[in-house]
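Text of run29.cif, listed as mmCIF, C-alpha atoms:
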data_upload
loop_
_atom_site.label_atom_id
_atom_site.label_comp_id
_atom_site.auth_asym_id
_atom_site.auth_seq_id
_atom_site.Cartn_x
_atom_site.Cartn_y
_atom_site.Cartn_z
CA MET O 1 15.24 -4.32 8.73
CA ALA O 2 11.74 -4.79 7.42
CA LYS O 3 9.17 -4.77 10.20
CA ASN O 4 5.48 -5.52 10.06
CA GLN O 5 4.17 -2.26 11.48
CA SER O 6 0.60 -2.02 12.65
CA ALA O 7 -1.13 -0.04 9.94
CA GLU O 8 -3.09 3.10 10.71
CA THR O 9 -6.45 3.35 9.02
CA ILE O 10 -7.89 6.78 8.29
CA ILE O 11 -11.45 7.45 7.20
CA ALA O 12 -11.44 11.08 6.15
CA GLN O 13 -14.25 13.58 5.81
CA GLY O 14 -16.36 13.02 2.72
CA VAL O 15 -16.12 9.23 3.00
CA ARG O 16 -18.80 6.87 4.30
CA VAL O 17 -18.12 3.31 5.46
CA GLU O 18 -20.86 0.68 5.67
CA GLY O 19 -20.49 -2.75 7.20
CA ASP O 20 -18.28 -4.39 9.76
CA PHE O 21 -15.20 -2.26 9.90
CA VAL O 22 -12.33 -4.19 11.48
CA SER O 23 -8.77 -2.94 11.87
CA ASP O 24 -5.64 -4.54 13.35
CA GLY O 25 -4.12 -1.18 14.23
CA ASP O 26 -4.99 2.37 15.16
CA VAL O 27 -7.97 4.03 13.49
CA ILE O 28 -8.85 7.68 12.86
CA ILE O 29 -12.42 8.43 11.79
CA GLU O 30 -13.35 11.88 10.44
CA GLY O 31 -16.11 10.70 8.09
CA GLU O 32 -19.22 8.56 8.58
CA VAL O 33 -19.46 4.94 9.62
CA ALA O 34 -22.57 2.72 9.76
CA GLY O 35 -22.30 -0.86 10.98
CA ASN O 36 -19.76 -2.05 13.51
CA VAL O 37 -16.33 -0.67 14.34
CA GLN O 38 -13.63 -2.81 15.85
CA ALA O 39 -10.08 -1.52 16.35
CA ALA O 40 -7.35 -3.60 17.94
CA GLY O 41 -5.44 -0.37 18.59
CA ASP O 42 -6.51 3.14 19.50
CA LEU O 43 -9.52 4.89 17.98
CA ARG O 44 -9.81 8.62 17.38
CA VAL O 45 -13.20 10.02 16.42
CA GLY O 46 -12.87 13.54 14.96
CA ASN O 47 -15.12 16.56 15.41
CA ASP O 48 -17.25 16.07 12.30
CA ALA O 49 -17.33 12.27 12.47
CA LYS O 50 -20.65 10.47 12.72
CA ILE O 51 -20.67 6.85 13.80
CA HIS O 52 -23.91 4.86 13.80
CA ALA O 53 -22.40 1.65 15.05
CA ASP O 54 -21.32 -0.42 18.01
CA VAL O 55 -17.71 0.33 18.76
CA VAL O 56 -15.02 -1.89 20.31
CA ALA O 57 -11.46 -0.58 20.75
CA ARG O 58 -8.49 -0.61 23.08
CA ASN O 59 -8.43 3.15 23.76
CA ALA O 60 -10.66 5.87 22.35
CA ASN O 61 -10.53 9.62 22.05
CA VAL O 62 -13.88 11.03 20.95
CA SER O 63 -14.79 14.52 19.83
CA GLY O 64 -17.52 13.57 17.33
CA GLU O 65 -20.82 11.71 17.50
CA ILE O 66 -21.34 8.02 18.28
CA ARG O 67 -24.79 6.40 18.24
CA GLY O 68 -24.31 2.86 19.47
CA ASN O 69 -22.83 0.89 22.33
CA VAL O 70 -19.18 1.55 23.06
CA GLN O 71 -16.81 -0.95 24.68
CA ILE O 72 -13.31 0.24 25.45
CA ALA O 73 -10.70 -2.09 26.96
CA GLU O 74 -8.59 0.62 28.59
CA LYS O 75 -9.29 4.37 28.47
CA LEU O 76 -12.13 6.40 26.95
CA GLU O 77 -11.61 10.12 26.60
CA LEU O 78 -14.59 12.33 25.72
CA LEU O 79 -13.70 15.82 24.56
CA SER O 80 -16.00 18.83 24.90
CA THR O 81 -17.68 18.35 21.49
CA ALA O 82 -18.31 14.61 21.97
CA LYS O 83 -21.89 13.34 21.74
CA MET O 84 -22.64 9.77 22.70
CA ILE O 85 -25.97 7.96 22.56
CA GLY O 86 -25.59 4.44 23.82
CA ASP O 87 -24.17 2.39 26.66
CA VAL O 88 -20.51 2.69 27.54
CA THR O 89 -18.21 0.07 29.07
CA THR O 90 -14.68 1.12 29.93
CA ASN O 91 -11.96 0.87 32.56
CA VAL O 92 -10.94 4.52 32.76
CA LEU O 93 -13.17 7.42 31.70
CA SER O 94 -12.33 11.06 31.17
CA VAL O 95 -15.14 13.51 30.32
CA ALA O 96 -14.51 17.12 29.35
CA SER O 97 -16.99 19.85 30.21
CA GLY O 98 -19.62 20.04 27.46
CA ALA O 99 -19.46 16.40 26.39
CA GLN O 100 -22.84 14.64 26.17
CA VAL O 101 -23.41 11.06 27.27
CA ASN O 102 -26.87 9.54 26.98
CA GLY O 103 -26.68 5.97 28.17
CA LYS O 104 -25.52 3.65 30.90
CA ILE O 105 -21.89 3.82 31.92
CA THR O 106 -20.31 0.63 33.29
CA MET O 107 -16.89 0.70 34.90
CA ASP O 108 -16.86 -2.55 36.86
CA GLY O 109 -13.53 -3.77 35.50
CA ARG O 110 -15.07 -6.33 33.17
CA GLU O 111 -12.77 -7.44 30.40
CA VAL O 112 -13.39 -6.11 26.90
CA LYS O 113 -12.05 -8.39 24.19
CA VAL O 114 -10.75 -6.65 21.09
CA GLU O 115 -10.46 -9.22 18.33
CA LYS O 116 -7.93 -8.99 15.54
CA GLN O 117 -9.02 -9.12 11.92
CA LYS O 118 -10.10 -12.61 10.91
CA VAL O 119 -9.16 -14.18 7.58
CA LYS O 120 -12.23 -14.79 5.47
CA GLU O 121 -13.16 -18.45 5.00
CA GLU O 122 -12.86 -18.09 1.21
CA GLU O 123 -9.23 -17.02 1.52
CA LYS O 124 -8.31 -20.16 3.42
CA VAL O 125 -9.44 -22.45 0.60
CA MET W 1 24.20 -17.89 -13.21
CA TYR W 2 23.51 -14.20 -13.94
CA TYR W 3 21.59 -12.97 -16.95
CA TYR W 4 21.72 -9.25 -17.79
CA VAL W 5 18.92 -7.60 -19.74
CA TYR W 6 20.04 -4.31 -21.31
CA ASP W 7 17.23 -1.93 -22.19
CA GLU W 8 17.19 -0.39 -25.63
CA PHE W 9 18.01 3.11 -24.38
CA VAL W 10 21.26 2.07 -22.64
CA GLN W 11 22.68 1.13 -26.01
CA ASP W 12 22.84 4.85 -26.80
CA PRO W 13 26.47 6.00 -27.23
CA LYS W 14 26.13 8.40 -24.28
CA PHE W 15 25.92 5.41 -21.92
CA GLU W 16 28.84 3.58 -23.54
CA ARG W 17 31.32 4.58 -20.84
CA ASP W 18 28.90 3.75 -17.99
CA LEU W 19 28.27 0.31 -19.46
CA ALA W 20 31.98 -0.36 -19.88
CA LEU W 21 32.58 0.52 -16.21
CA ILE W 22 29.66 -1.68 -15.12
CA GLU W 23 30.84 -4.64 -17.18
CA THR W 24 34.41 -4.33 -15.85
CA ARG W 25 33.21 -4.16 -12.25
CA LEU W 26 30.91 -7.17 -12.73
CA THR W 27 33.84 -9.17 -14.13
CA ASP W 28 36.04 -8.10 -11.19
CA LEU W 29 33.36 -9.25 -8.76
CA GLY W 30 32.99 -12.55 -10.60
CA ILE W 31 29.32 -12.06 -11.37
CA ALA W 32 29.49 -11.36 -15.09
CA GLY W 33 27.03 -13.31 -17.19
CA LYS W 34 25.18 -13.57 -20.45
CA ILE W 35 23.80 -10.31 -21.89
CA ALA W 36 20.54 -9.79 -23.75
CA ARG W 37 19.96 -6.49 -25.55
CA LEU W 38 16.36 -5.44 -25.94
CA ALA W 39 15.26 -3.98 -29.25
CA LEU W 40 12.01 -2.81 -30.75
CA PHE W 41 10.79 -6.20 -31.94
CA ARG W 42 12.48 -8.40 -29.36
CA ASP W 43 10.04 -9.71 -26.78
CA PRO W 44 11.75 -9.58 -23.37
CA LYS W 45 9.35 -12.19 -21.97
CA GLU W 46 10.46 -14.77 -24.48
CA LEU W 47 14.16 -14.01 -24.00
CA ILE W 48 14.00 -14.14 -20.22
CA ARG W 49 11.79 -17.23 -19.99
CA ASP W 50 14.14 -19.06 -22.36
CA GLU W 51 17.11 -18.24 -20.13
CA ILE W 52 15.23 -19.30 -16.98
CA ARG W 53 14.51 -22.64 -18.67
CA LYS W 54 18.22 -22.93 -19.43
CA GLY W 55 19.07 -22.41 -15.76
CA ALA W 56 19.48 -18.67 -15.11
CA LYS W 57 19.10 -18.04 -11.38
CA THR W 58 19.40 -14.23 -11.33
CA ILE W 59 17.96 -11.85 -13.90
CA VAL W 60 19.35 -8.32 -13.77
CA ALA W 61 17.59 -5.39 -15.43
CA VAL W 62 20.10 -2.84 -16.74
CA GLY W 63 18.13 0.33 -17.38
CA ASN W 64 15.39 2.10 -15.45
CA ASP W 65 12.08 1.32 -13.69
CA ILE W 66 10.44 0.37 -16.98
CA THR W 67 13.16 -2.20 -17.64
CA LEU W 68 12.68 -3.59 -14.13
CA ARG W 69 8.92 -3.81 -14.69
CA ARG W 70 9.43 -5.73 -17.93
CA VAL W 71 11.74 -8.16 -16.13
CA ILE W 72 9.20 -8.61 -13.30
CA ASP W 73 6.46 -9.36 -15.85
CA ALA W 74 8.66 -11.91 -17.61
CA VAL W 75 9.90 -13.64 -14.47
CA GLY W 76 6.36 -14.37 -13.24
CA ASP W 77 6.21 -17.09 -10.58
CA SER W 78 9.50 -18.76 -11.54
CA GLY W 79 11.12 -17.84 -8.23
CA VAL W 80 14.36 -16.53 -9.77
CA VAL W 81 16.08 -13.59 -8.11
CA ILE W 82 15.70 -10.17 -9.73
CA GLY W 83 18.37 -7.47 -9.63
CA VAL W 84 18.66 -4.02 -11.13
CA VAL W 85 21.51 -1.82 -12.31
CA PRO W 86 20.01 1.65 -12.80
CA VAL W 87 21.45 3.62 -15.72
CA GLY W 88 20.72 7.29 -16.44
CA LYS W 89 19.34 10.01 -14.23
CA ASP W 90 15.59 9.63 -14.83
CA GLY W 91 12.97 7.03 -14.01
CA ASN W 92 14.81 5.26 -11.21
CA ILE W 93 12.33 5.69 -8.36
CA LEU W 94 11.87 1.96 -7.74
CA SER W 95 15.60 1.29 -7.61
CA SER W 96 16.10 4.17 -5.17
CA ILE W 97 13.39 2.70 -2.90
CA LEU W 98 15.18 -0.64 -3.17
CA GLY W 99 18.39 1.10 -2.07
CA ILE W 100 20.29 0.61 -5.33
CA PRO W 101 22.55 3.46 -6.49
CA VAL W 102 22.76 4.50 -10.13
CA GLY W 103 25.59 3.17 -12.28
CA VAL W 104 28.65 1.15 -11.39
CA ASP W 105 28.02 1.25 -7.58
CA ALA W 106 25.00 -0.99 -8.11
CA CYS W 107 27.37 -3.85 -9.00
CA ASP W 108 28.60 -4.11 -5.39
CA ILE W 109 24.98 -4.29 -4.19
CA LEU W 110 24.35 -7.12 -6.66
CA SER W 111 27.41 -8.93 -5.38
CA ALA W 112 26.34 -8.57 -1.73
CA ARG W 113 23.02 -10.31 -2.62
CA ILE W 114 20.77 -9.07 0.18
CA ILE W 115 17.55 -10.69 -1.00
CA GLU W 116 14.14 -9.46 0.16
CA GLU W 117 10.89 -11.23 -0.64
CA LEU W 118 8.47 -8.55 -1.77
CA ASP W 119 4.71 -8.62 -2.14
CA ILE W 120 3.28 -7.89 -5.52
CA GLY W 121 -0.08 -6.35 -6.30
CA GLU W 122 -2.46 -7.49 -8.99
CA VAL W 123 -5.13 -5.37 -10.65
CA ASN W 124 -7.43 -6.99 -13.22
CA ALA W 125 -4.81 -9.76 -13.64
CA ARG W 126 -2.05 -7.17 -14.29
CA ARG W 127 0.85 -7.22 -11.84
CA PHE W 128 2.33 -4.12 -10.23
CA LEU W 129 5.08 -3.50 -7.72
CA HIS W 130 4.73 0.24 -7.15
CA THR W 131 1.30 1.93 -7.41
CA VAL W 132 -1.91 2.12 -9.39
CA HIS W 133 -3.38 5.59 -10.00
CA VAL W 134 -7.04 6.14 -10.73
CA PRO W 135 -7.73 9.69 -12.01
CA GLN W 136 -10.55 11.83 -10.66
CA VAL W 137 -13.93 10.12 -10.74
CA SER W 138 -17.27 11.48 -9.56
CA GLN W 139 -18.23 8.35 -7.64
CA VAL W 140 -16.36 5.36 -6.34
CA GLU W 141 -17.36 2.39 -4.24
CA VAL W 142 -14.69 0.20 -2.68
CA VAL W 143 -15.37 -3.16 -1.05
CA VAL W 144 -12.52 -3.84 1.33
CA ASP W 145 -11.45 -7.41 2.15
CA LYS W 146 -14.89 -8.67 1.02
CA GLY W 147 -16.25 -7.06 4.18
CA TYR W 148 -17.12 -3.40 4.51
CA LYS W 149 -17.96 -0.89 1.80
CA MET W 150 -16.41 2.56 1.42
CA ASN W 151 -18.02 5.37 -0.60
CA ALA W 152 -16.79 8.87 -1.38
CA PHE W 153 -19.48 11.56 -1.43
CA LYS W 154 -17.54 13.86 -3.71
CA LYS W 155 -15.17 13.70 -6.63
CA CYS W 156 -12.03 11.90 -5.62
CA THR W 157 -8.83 10.30 -6.86
CA VAL W 158 -7.68 6.86 -5.79
CA GLU W 159 -4.20 5.44 -5.45
CA VAL W 160 -3.42 1.84 -4.52
CA ARG W 161 0.12 1.45 -3.21
CA ASN W 162 2.34 -1.55 -2.64
CA LEU W 163 5.85 -0.10 -2.62
CA ALA W 164 5.95 3.68 -2.38
CA LEU W 165 7.74 6.50 -0.66
CA GLU W 166 6.31 8.69 2.05
CA GLY W 167 4.24 11.55 0.62
CA GLU W 168 2.88 14.81 1.98
CA ASP W 169 -0.25 13.15 3.31
CA VAL W 170 0.69 9.47 3.32
CA ARG W 171 3.29 7.29 4.96
CA ALA W 172 5.58 4.99 3.00
CA ALA W 173 3.92 1.80 1.72
CA ASN W 174 5.70 -1.29 2.94
CA PRO W 175 6.05 -4.07 0.32
CA VAL W 176 6.68 -6.79 2.90
CA ASP W 177 3.58 -6.36 5.11
CA GLY W 178 1.26 -8.56 3.04
CA LYS W 179 -1.13 -5.67 2.41
CA LEU W 180 -1.93 -3.06 -0.19
CA GLU W 181 -2.77 0.47 0.83
CA CYS W 182 -5.82 2.16 -0.65
CA VAL W 183 -5.52 5.96 -0.58
CA LEU W 184 -8.67 7.92 -1.37
CA ARG W 185 -8.31 11.69 -1.71
CA THR W 186 -11.36 13.96 -1.57
CA PRO W 187 -10.98 17.73 -1.97
CA SER W 188 -10.71 19.76 1.24
CA LYS W 189 -13.74 21.80 2.33
CA GLY W 190 -12.48 25.32 1.90
CA LEU W 191 -10.10 28.02 2.92
CA PHE W 192 -10.82 27.93 6.63
CA LYS W 193 -10.98 24.15 6.83
CA LYS W 194 -7.69 23.76 5.02
CA ASN W 195 -6.22 21.49 7.64
CA LYS W 196 -9.09 19.04 7.62
CA LEU W 197 -8.15 15.46 7.02
CA ASN W 198 -9.25 14.57 3.50
CA THR W 199 -7.03 11.61 2.74
CA SER W 200 -8.44 8.23 3.66
CA ILE W 201 -5.97 5.38 4.02
CA VAL W 202 -7.09 1.79 4.30
CA PRO W 203 -4.76 -1.22 4.36
CA ALA W 204 -6.27 -4.26 2.64
CA LYS W 205 -5.50 -7.62 1.07
CA ASP W 206 -8.37 -7.49 -1.39
CA LEU W 207 -10.14 -4.50 -2.95
CA GLN W 208 -13.04 -4.40 -5.38
CA MET W 209 -13.54 -0.96 -6.85
CA THR W 210 -16.49 0.22 -8.92
CA LEU W 211 -16.04 3.57 -10.64
CA SER W 212 -18.85 5.78 -11.95
CA ASN W 213 -17.35 5.72 -15.43
CA SER W 214 -14.60 3.99 -17.33
CA VAL W 215 -11.29 5.81 -16.83
CA LYS W 216 -7.68 5.44 -17.85
CA CYS W 217 -5.77 4.05 -14.87
CA ILE W 218 -2.00 3.78 -14.62
CA ALA W 219 -0.36 0.68 -13.12
CA ASP W 220 3.40 1.25 -12.69
CA GLY W 221 3.43 3.63 -15.64
CA GLU W 222 1.35 1.42 -17.90
CA GLU W 223 -2.11 2.63 -18.95
CA PHE W 224 -5.29 0.57 -19.01
CA GLU W 225 -8.96 1.46 -19.07
CA SER W 226 -11.74 0.07 -16.89
CA ASN W 227 -14.57 0.94 -14.53
CA GLU W 228 -14.27 -2.23 -12.43
CA LEU W 229 -10.97 -2.80 -10.66
CA ARG W 230 -10.17 -5.92 -8.69
CA PHE W 231 -7.04 -5.73 -6.59
CA LYS W 232 -5.33 -8.42 -4.62
CA ILE W 233 -1.95 -8.89 -3.03
CA ILE W 234 0.34 -11.83 -3.71
CA PRO W 235 2.58 -11.99 -0.63
CA LYS W 236 6.30 -12.66 -1.04
CA ALA W 237 5.96 -13.24 -4.75
CA LEU W 238 9.19 -11.57 -5.81
CA ARG W 239 12.77 -12.19 -4.72
CA VAL W 240 14.67 -8.98 -5.26
CA ILE W 241 18.26 -7.95 -4.51
CA THR W 242 18.16 -4.83 -2.32
CA GLY W 243 20.72 -2.47 -0.88
CA LYS W 244 21.33 -1.50 2.73
CA GLY W 245 19.74 1.88 2.02
CA ARG W 246 16.35 0.42 1.07
CA LYS W 247 13.44 2.52 2.26
CA PHE W 248 11.19 -0.12 3.83
#
Before we go any further, please render this structure as structure tokens.
Amino acid sequence: MAKNQSAETIIAQGVRVEGDFVSDGDVIIEGEVAGNVQAAGDLRVGNDAKIHADVVARNANVSGEIRGNVQIAEKLELLSTAKMIGDVTTNVLSVASGAQVNGKITMDGREVKVEKQKVKEEEKV
Amino acid sequence: MYYYVYDEFVQDPKFERDLALIETRLTDLGIAGKIARLALFRDPKELIRDEIRKGAKTIVAVGNDITLRRVIDAVGDSGVVIGVVPVGKDGNILSSILGIPVGVDACDILSARIIEELDIGEVNARRFLHTVHVPQVSQVEVVVDKGYKMNAFKKCTVEVRNLALEGEDVRAANPVDGKLECVLRTPSKGLFKKNKLNTSIVPAKDLQMTLSNSVKCIADGEEFESNELRFKIIPKALRVITGKGRKF
């Protein structure tokens, strides 16, 4: 009966994350993130979210601000309030009217690898 | 061999009939065993560890969540199977999550012996199965899995969950996923931003929490005070008899 479900990580408004943020599942960001973001699942960036980081994810739905390079393995969806400053690599792109993209967009079918969370060396000992 | 640990409160005359029914059913099922009755100055750890040394393979808490917690503490890493027979109406949240009905019906669950290996959490070397609550603090810094750092700008409350039911803003915490769940709640912005997400949820194996001041935290109903909290998960540390209606 017990299943190992992929956990959903939520960073709510009023919370700031610093460092390499890695998740094995889906991620919702409504707060602030500085560093790197890596999500093995889908990423949703909310309206008031501010990300100052390079982002790697399987799919992404963005309505907040991202300053950094973004690599999406499958589909990137930019909603009307989205603001992106940085280069974008994705397979499928959807841009709503009003969304801002300042950077190079690459859609040449190159593979984006989304790594799963690694076990720290200390834990192995 | 079964060993039954009766909590002090079940020895109250109002539970006399319930206990008689339980004992009869256990005998019918062929799983009756030695009984220990807890009292004010009887250390359950000593009693239970003695019985484990003598060969007890299953320790059954007869009482409520507090009784179960005391049994978990005493069993430690011995690997014996833990069961529970909930008695009384109150304080049986853990047993309901484990799918164990109150009273005599629990005996059939014990007899069926569906054993799950559950993770157990540890905070400052104190074990917990359910949750740890940290009351409102003005500042908190959480280092997650020795990697990234999480800070709350405003006053917030923190809850670290291992085995817990679904809440208004959180999903159920699964005790067999090898992870704890850190829930950080910051107050919502105001009337018109009522629906804003203000509950952060982060699954983690290791958490290091620094609080702005020393506060009284509650681990599975037991109070302790600290401003530095170190959490870790011990996967599959407990072998517990569960019912078909378990909620994970």
Where does chain O meet chain W within 6 Å, residue by residue, with the nearest atom pair and distance in Å to one decimal for each, counting all atoms listed in the file, listed by chain and rising number, as a Markdown table?
| residue | atom | partner | partner_atom | distance |
| --- | --- | --- | --- | --- |
| O:Ala2 | CA | W:Phe248 | CA | 5.9 |
| O:Asn4 | CA | W:Asp177 | CA | 5.4 |
| O:Thr9 | CA | W:Val202 | CA | 5.0 |
| O:Ile10 | CA | W:Ser200 | CA | 4.9 |
| O:Ile11 | CA | W:Ser200 | CA | 4.7 |
| O:Ala12 | CA | W:Ser200 | CA | 4.8 |
| O:Gln13 | CA | W:Asn198 | CA | 5.6 |
| O:Gly14 | CA | W:Phe153 | CA | 5.4 |
| O:Val15 | CA | W:Ala152 | CA | 4.4 |
| O:Arg16 | CA | W:Asn151 | CA | 5.2 |
| O:Val17 | CA | W:Met150 | CA | 4.5 |
| O:Glu18 | CA | W:Lys149 | CA | 5.1 |
| O:Gly19 | CA | W:Tyr148 | CA | 4.4 |
| O:Asp20 | CA | W:Tyr148 | CA | 5.5 |
| O:Phe21 | CA | W:Tyr148 | CA | 5.8 |
Separating CA of Gly167 in chain W from CA of Val60 in chain W, to the nearest tenth of an Å, is a gap of 28.8 Å
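Using only C-alpha atoms, the contacts of Arg44 in chain O at a cut-off of 8 Å, with sequence neighbours closer than 3 positions omitted, comprise Val27, Ile28, Ile29, Ala60, Asn61 and Val62 of chain O.
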Output check: residues returned by the PyMOL selection byres ((chain O and resi 75) around 7), as a VMD selection string: chain O and resid 59 to 60 72 to 74 76 to 77 90 to 93
List the residues selected by the PyMOL selection byres ((chain O and resi 94-111) around 6) in the file shown, writing them as a VMD selection string. chain O and resid 77 to 91 93 112
